[in-house]
Amino acid sequence: MKGVWTAQQVRETEQVLLDRTPAGALMRRAAFGVAVHVRKLLDERAGGVSGHRVALLVGAGNNGGDALWAGAELRRRGVGVTAVLLDPQRIHAEGLAALRRAGGRVLHADESDRVRAALTRAHAVVDGIVGISGRGPLREPAATLVAAVEEAGVPIVAVDLPSGVDPDTGAVDGPAATATETVTFGALKPVHALAEWRCGRVHLVDIGLGPLLPPPHAQIVEAADVGARWPVPGPRDDKYTQGVKGVLAGSAMYPGAAVLATGAAVLATSGMVRYAGSAADGVRARWPEAIVTERLADAGRTQSWTVGPGIGTDDAARDLLAGIIERDVPLCIDADAITLLGRHDDLRAAVRGRPVVITPHDREFARVAGEVGRDRIGAARRAAAELAVTVLLKGHATVVADPGGRVLVHPSTTSWAATAGSGDVLSGIIGSLLAARLDPWWAAGCAAHLHGRAAELAARGAPAPASYLQAAISDAIREVRAAAGDEASVAR
């Protein structure tokens with residue numbers, strides 16, 4: 001897994017390292033990393049480095065200093081470099097002197113025509129406006145200049161993070177940069193996971209912080225982590241020992257929810273899936289492997305249940321959810337069942353401290369735990385502690401928090417999963433992993449990663465419905481298992 005640290009954690013660790021190293025050494029190391037990745041971008045997009053132009057948007061302080069030192073390095077490699085100083089009175093003096101010694105050109109932001117030409121005719125622009133200490137949207141003239149760069153289609157390489165984006169929440173409250181690539185130093189920050197679409201490709205430059213960092217604020221699940229934990233049947237397994245999954249979903253109005261959730265459970269692991277509900281005929285027709293009944297009372301024993309997609313929120317649905325909770329097995333509670341939790345204190349009390357995963361999007365989250373707000377990691381962590389269950393907060397970046405405060409983040413590289421029925425597929429996968437005895441936090445985190453990858457495989461650059469996503473589950477499992485090695489299996 002990759003760790004993610006808050007801006008304050010990183011600043012405090014950087015200070016420890018700064019006290020141990022010669023003045024300017026860390027900045028030079030960071031700037032060299034920026035220059036390396038700008039050169040790679042130029043090589044990819046412009047067919048080389050020498051003779052091409054780079055513009056620097058230079059703010060005050062160390063972030064601007066990083067950009068200036070990177071510009072000096074690029075200039076020595078034959079790149080034409082122009083620095084645009086946004087706040088000349090607070091510029092990093094050593095970095096500016098280094099750029100001038102290397103032959104770089106310097107403009108002030110108020111030289112409007114020359115500045116606009118330098119930015120829009122560049123082959124790349126380095127965003128060194130504000131760093132991890134900055135808060136709030138871009139101010140003028142930076143906002144107008146960044147907009148001109150983006151309108152001209154010039155790629156932006158952000159120093160540490162795209163300026164105007166909050167480093168700890170990824171929130172944007174006004175004008176902000178959208179980077180093609182981001183070069184960050186020492187540690188990933190929450191912005192790199194929560195606002196990946198703003199950051200583009202993220203490159204982590206090692207400046208020596210690693211051994212000094214505190215425990216991470218959150219962690220990012222990688223394919224190998226998922227593959228190492230995915231349930232794999234052994235020579236002594238049968239359909240029962242692998243975990244029997246139960247699905248209670250769908251209705252006359254929403255039969256597709258049952259088909260999608262059940263199918264995802266079937267595809268996610270081998271073994272057995274039981275379905276109970278009013279969409280029994282549709283499930284039988286699509287998934288003959290499932291053991292299907294119309295009544296919960298007739299469903300046999302299971303090691304987990306997925307409950308909620310399409311069941312409604314009336315009294316009958318409330319009784320179904322209460323009946324599932326009474327079975328005292330791990331649960332994935334989704335969709336309508338989350339709304340029912342929000343309405344009924346006794347249901348919330350009944351799941352407290354149990355191996356339960358709830359999977360709300362922002363509106364469902366508000367019904368059961370209050371508004372999400374700007375800080376998605378903080379909101380999920382708070383809800384998990386208050387409700388005493390594992391919370392999977394869905395969104396472009398999915399956040400999974402458990403009652404003990406552990407947090408996983410899955411930064412999606414695509415929005416193809418934002419389609420009707422996608423959440424039903426996710427809940428079916430989680431239910432299967434719970435039945436296979438995965439810890440709820442890991443079940444939710446692994447399912448989120450696999451679900452996102454299946455969406456990418458299904459879409460292939462074009463819109464894809466949830467049924468296509470479901471069909472890509474097997475291919476996604478093969479990929480994560482390959483990432484972990486062929487011998488990857490879950491410990492029993």
# chains A, B, ... in the order shown; residues from 1 in each chain; ligands from 1

$ residues_around --residues "Ala72 of chain A" --least-positions-apart "6" --cutoff "9 Å" --atoms "only C-alpha atoms" --output "ChimeraX atom specification"
/A:35,81,95-96,98-104

$ residues_around --residues "Pro465 of chain A" --least-positions-apart "4" --cutoff "10 Å" --atoms "only C-alpha atoms" --output "PDB file with C-alpha atoms, in the first residue's frame"
ATOM      1  CA  TRP A 416     -17.133   5.273 -16.229  1.00  0.00           C
ATOM      2  CA  ALA A 417     -18.450   3.616 -13.046  1.00  0.00           C
ATOM      3  CA  ALA A 418     -20.794   6.571 -12.434  1.00  0.00           C
ATOM      4  CA  THR A 419     -23.768   4.773 -13.955  1.00  0.00           C
ATOM      5  CA  ALA A 420     -27.042   3.241 -12.776  1.00  0.00           C
ATOM      6  CA  GLY A 421     -26.526  -0.167 -11.187  1.00  0.00           C
ATOM      7  CA  SER A 422     -22.792   0.225 -10.629  1.00  0.00           C
ATOM      8  CA  ALA A 455     -15.160  -0.279 -14.919  1.00  0.00           C
ATOM      9  CA  ALA A 458     -15.548  -2.559 -19.459  1.00  0.00           C
ATOM     10  CA  ALA A 459     -15.525   0.987 -20.803  1.00  0.00           C
ATOM     11  CA  LEU A 469     -18.820  -3.704 -15.629  1.00  0.00           C
ATOM     12  CA  GLN A 470     -20.133  -6.860 -14.004  1.00  0.00           C
TER      13      GLN A 470
END

$ atom_distance --atom1 "atom CA of Thr184 of chain A" --atom2 "atom CA of Ala483 of chain A"
25.1 Å

$ select_by_dssp --residues "segment 227-268 of chain A" --states "helix (DSSP H, G or I)" --output "ChimeraX atom specification"
/A:227-229,255-268

$ residues_around --residues "segment 377-388 of chain A" --least-positions-apart "2" --cutoff "7 Å" --atoms "only C-alpha atoms" --output "list of chain:residue names"
A:Arg352, A:Gly353, A:Ala369, A:Val372, A:Asp375, A:Thr390, A:Val391, A:Leu393, A:Val399, A:Val400, A:Ala401, A:Asp402, A:Pro403, A:Gly404, A:Gly405

$ residues_around --residues "Ala30 of chain A" --least-positions-apart "3" --cutoff "12 Å" --atoms "only C-alpha atoms" --output "JSON, numbers by chain"
{"A": [14, 24, 25, 26, 27, 33, 34, 35, 36, 37, 62, 63, 64, 65, 66, 67, 68, 69, 70, 73, 159, 160, 183, 184, 185, 186, 187, 203, 204, 205, 206, 207, 208, 209]}

$ residues_around --residues "segment 328-339 of chain A" --least-positions-apart "4" --cutoff "6 Å" --atoms "only C-alpha atoms" --output "list in words"
Gln303, Ser304, Trp305, Thr306, Val307, Gly308, Pro309, Gly312, Thr313, Pro355, Val356, Val357, Ile358, Thr359 and Gly431 of chain A

$ closest_residue --among "A:Leu42, A:Ala171, A:Gly428, A:Arg478" --to "Val191 of chain A" --atoms "only C-alpha atoms"
A:Ala171

$ closest_residue --among "A:Gly423, A:Leu41, A:Ala268, A:Ser251" --to "Ala316 of chain A" --atoms "only C-alpha atoms"
A:Ser251

$ atom_distance --atom1 "atom CA of His108 of chain A" --atom2 "atom CA of Leu85 of chain A"
4.9 Å

$ residues_around --residues "Leu341 of chain A" --least-positions-apart "4" --cutoff "9 Å" --atoms "only C-alpha atoms" --output "list in words"
Arg318, Asp336, Ala337, Asp345, Asp346, Leu347, Arg348, Arg367 and Val368 of chain A

$ write_last_selection --atoms "N, CA and C atoms" --output "PDB file, in the first residue's frame"
ATOM      1  N   ARG A 318     -38.253  -2.541   5.792  1.00  0.00           N
ATOM      2  CA  ARG A 318     -37.654  -2.406   7.121  1.00  0.00           C
ATOM      3  C   ARG A 318     -37.619  -3.749   7.840  1.00  0.00           C
ATOM      4  N   ASP A 336     -31.148   1.378  -0.482  1.00  0.00           N
ATOM      5  CA  ASP A 336     -32.351   1.586   0.334  1.00  0.00           C
ATOM      6  C   ASP A 336     -32.142   1.181   1.788  1.00  0.00           C
ATOM      7  N   ALA A 337     -31.317   0.183   2.026  1.00  0.00           N
ATOM      8  CA  ALA A 337     -31.087  -0.252   3.405  1.00  0.00           C
ATOM      9  C   ALA A 337     -30.347   0.820   4.202  1.00  0.00           C
ATOM     10  N   ASP A 345     -33.676   4.239  14.544  1.00  0.00           N
ATOM     11  CA  ASP A 345     -32.628   4.174  15.563  1.00  0.00           C
ATOM     12  C   ASP A 345     -32.332   2.738  15.980  1.00  0.00           C
ATOM     13  N   ASP A 346     -33.381   1.913  16.040  1.00  0.00           N
ATOM     14  CA  ASP A 346     -33.168   0.546  16.513  1.00  0.00           C
ATOM     15  C   ASP A 346     -32.327  -0.267  15.538  1.00  0.00           C
ATOM     16  N   LEU A 347     -32.465   0.006  14.233  1.00  0.00           N
ATOM     17  CA  LEU A 347     -31.645  -0.707  13.248  1.00  0.00           C
ATOM     18  C   LEU A 347     -30.181  -0.273  13.348  1.00  0.00           C
ATOM     19  N   ARG A 348     -29.967   1.015  13.523  1.00  0.00           N
ATOM     20  CA  ARG A 348     -28.585   1.479  13.697  1.00  0.00           C
ATOM     21  C   ARG A 348     -27.960   0.865  14.941  1.00  0.00           C
ATOM     22  N   ARG A 367     -28.072  11.055   5.089  1.00  0.00           N
ATOM     23  CA  ARG A 367     -29.249  10.505   5.787  1.00  0.00           C
ATOM     24  C   ARG A 367     -28.859   9.752   7.051  1.00  0.00           C
ATOM     25  N   VAL A 368     -27.662   9.200   7.067  1.00  0.00           N
ATOM     26  CA  VAL A 368     -27.291   8.340   8.196  1.00  0.00           C
ATOM     27  C   VAL A 368     -26.204   8.951   9.077  1.00  0.00           C
TER      28      VAL A 368
END

$ residues_around --residues "Thr180 of chain A" --least-positions-apart "3" --cutoff "10 Å" --atoms "only C-alpha atoms" --output "number ranges by chain"
A: 41, 124-125, 154-158, 162, 177, 197-202

$ closest_residue --among "A:Gly243, A:Pro141, A:Gly227, A:Gly461" --to "Ala436 of chain A" --atoms "only C-alpha atoms"
A:Gly243
